[in-house]
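> Sharing a structure here in structure tokens format.
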Amino acid sequence: MTEYAHDAPNNQWQRFCLMVRKAGLVAHSCSHSHWQIKGGTRCALVNCWPNTKRGFRYQGISMKDHAVQTGSVDDAIRLAGPPPPYVAAPWEDSTEEIPQAIRGADLPVGLIRRFWRWLW
């Protein structure tokens, strides 16, 4: 979460962040008049404009017609959907060692170093 909202009134940005965090999503401030909700399952990114002539406006990136809709923060959160379920990596909670391919032990560093010396 971005801890600041540029020139936005703090109480409005803080309320927005609190509502988004309670839903389990991530709030991001692009500028004082453009905020984003990230991490939903229905819509990964929802753009929000809090201070327009028509009020709070939002747009889901995955919407087919890319329509900008007027509504509330709750509507934008509902559009984003719930956060994805947490899936642990297979080695995260196990006592097994991390596979060598993931650690990068199989990389031919010596060969690359020798080839570089040959070129130099």
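Please note that chains go A, B, ... in the order of the structure tokens, that every chain numbers its residues from 1, and that ligands are numbered from 1 in the order shown.
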Could you name the residues that touch Arg54 (chain A) at 10 Å or less, counting only C-alpha atoms, but leaving out those on the same chain fewer than 3 positions away, as an MDAnalysis selection string?
chainID A and resid 50:51 57 69:71
> Only C-alpha atoms, please: the residues just picked out, written as a compact mmCIF listing (two decimals), in the first residue's frame.

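part.txt written:
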```txt
# COMPACT_ATOMS: atom_id res chain seq x y z
CA PRO A 50 -12.40 10.04 -6.33
CA ASN A 51 -12.97 13.70 -7.19
CA ARG A 57 -15.77 6.98 -10.71
CA GLN A 69 -18.87 3.83 -14.02
CA THR A 70 -20.12 6.15 -11.30
CA GLY A 71 -20.54 4.59 -7.89
```
> Between CA of Gln14 (chain A) and CA of Asp75 (chain A), measure the distance and give it in Å to one decimal.
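Result for CA of Gln14 (chain A) versus CA of Asp75 (chain A): 17.4 Å, one decimal.
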> I need the residue nearest Ala80 (chain A) from this list: A:Ile61, A:Cys43, A:Val68, A:Val26. Use only C-alpha atoms for the distance.
A:Cys43
> Using DSSP on the backbone coordinates, identify the residues of region 34-82 of chain A assigned to strand (DSSP E or B); present them as a PyMOL selection string.
chain A and resi 34-38+45-52+55-60+69-70
> Show which residues sit within 12 Å of Lys22 (chain A), as a ChimeraX atom specification. Count only C-alpha atoms, and ignore same-chain residues fewer than 3 positions away.
/A:15-19,25-27,74,77,82-83
> Take the selection from the previous step and output its residues with N, CA and C atoms, as a CSV table (one decimal), in the first residue's frame.

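Output contents, as saved in selection_19.csv:
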```csv
chain,number,residue,atom,x,y,z
A,15,ARG,N,-9.7,6.7,4.4
A,15,ARG,CA,-10.9,5.9,4.4
A,15,ARG,C,-10.9,4.9,3.2
A,16,PHE,N,-10.4,5.3,2.1
A,16,PHE,CA,-10.3,4.5,0.9
A,16,PHE,C,-9.4,3.3,1.2
A,17,CYS,N,-8.2,3.6,1.8
A,17,CYS,CA,-7.2,2.5,2.1
A,17,CYS,C,-7.8,1.5,3.1
A,18,LEU,N,-8.5,2.0,4.1
A,18,LEU,CA,-9.0,1.2,5.2
A,18,LEU,C,-10.1,0.2,4.6
A,19,MET,N,-10.9,0.8,3.7
A,19,MET,CA,-12.0,-0.1,3.1
A,19,MET,C,-11.4,-1.2,2.2
A,25,LEU,N,-7.5,-6.4,-0.2
A,25,LEU,CA,-6.9,-6.0,-1.5
A,25,LEU,C,-5.8,-4.9,-1.2
A,26,VAL,N,-5.2,-4.4,-2.2
A,26,VAL,CA,-4.1,-3.5,-2.1
A,26,VAL,C,-4.5,-2.1,-2.7
A,27,ALA,N,-4.4,-1.0,-2.0
A,27,ALA,CA,-4.7,0.3,-2.5
A,27,ALA,C,-3.4,1.0,-2.9
A,74,ASP,N,-17.3,0.9,-2.4
A,74,ASP,CA,-17.8,-0.5,-2.2
A,74,ASP,C,-18.1,-1.1,-3.6
A,77,ILE,N,-14.7,-2.1,-5.1
A,77,ILE,CA,-14.2,-3.3,-4.4
A,77,ILE,C,-15.0,-4.5,-4.8
A,82,PRO,N,-12.9,-10.8,-4.5
A,82,PRO,CA,-12.1,-11.1,-3.4
A,82,PRO,C,-10.7,-11.4,-3.7
A,83,PRO,N,-9.8,-11.3,-2.8
A,83,PRO,CA,-8.4,-11.6,-3.1
A,83,PRO,C,-8.2,-13.1,-3.4
```
> Considering only C-alpha atoms, return as a PyMOL selection string whatever protein or nucleic-acid residues lie within 10 Å of Arg42 (chain A), sequence-local ones (same chain, fewer than 5 positions apart) excluded.
chain A and resi 60+62-63+78-84
> Could the residues in this selection be written to a file with N, CA and C atoms, as a CSV table (one decimal), in the first residue's frame?

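Writing the result to part-v1.csv gives the following:
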```csv
chain,number,residue,atom,x,y,z
A,60,GLY,N,-12.9,-1.0,-14.4
A,60,GLY,CA,-12.2,-2.3,-14.3
A,60,GLY,C,-11.4,-2.5,-15.6
A,62,SER,N,-10.3,-5.3,-16.8
A,62,SER,CA,-10.7,-6.5,-17.5
A,62,SER,C,-12.2,-6.4,-18.1
A,63,MET,N,-12.8,-5.3,-17.9
A,63,MET,CA,-14.2,-5.1,-18.5
A,63,MET,C,-14.1,-5.0,-20.0
A,78,ARG,N,-16.3,-4.4,-5.0
A,78,ARG,CA,-17.1,-5.5,-5.5
A,78,ARG,C,-16.7,-5.9,-6.9
A,79,LEU,N,-16.3,-4.9,-7.7
A,79,LEU,CA,-15.9,-5.2,-9.1
A,79,LEU,C,-14.6,-5.9,-9.1
A,80,ALA,N,-13.7,-5.6,-8.2
A,80,ALA,CA,-12.3,-6.2,-8.1
A,80,ALA,C,-12.5,-7.7,-7.6
A,81,GLY,N,-13.4,-7.9,-6.8
A,81,GLY,CA,-13.7,-9.3,-6.3
A,81,GLY,C,-12.8,-9.6,-5.1
A,82,PRO,N,-12.9,-10.8,-4.5
A,82,PRO,CA,-12.1,-11.1,-3.4
A,82,PRO,C,-10.7,-11.4,-3.7
A,83,PRO,N,-9.8,-11.3,-2.8
A,83,PRO,CA,-8.4,-11.6,-3.1
A,83,PRO,C,-8.2,-13.1,-3.4
A,84,PRO,N,-7.2,-13.5,-4.2
A,84,PRO,CA,-7.0,-14.9,-4.5
A,84,PRO,C,-6.6,-15.6,-3.2
```
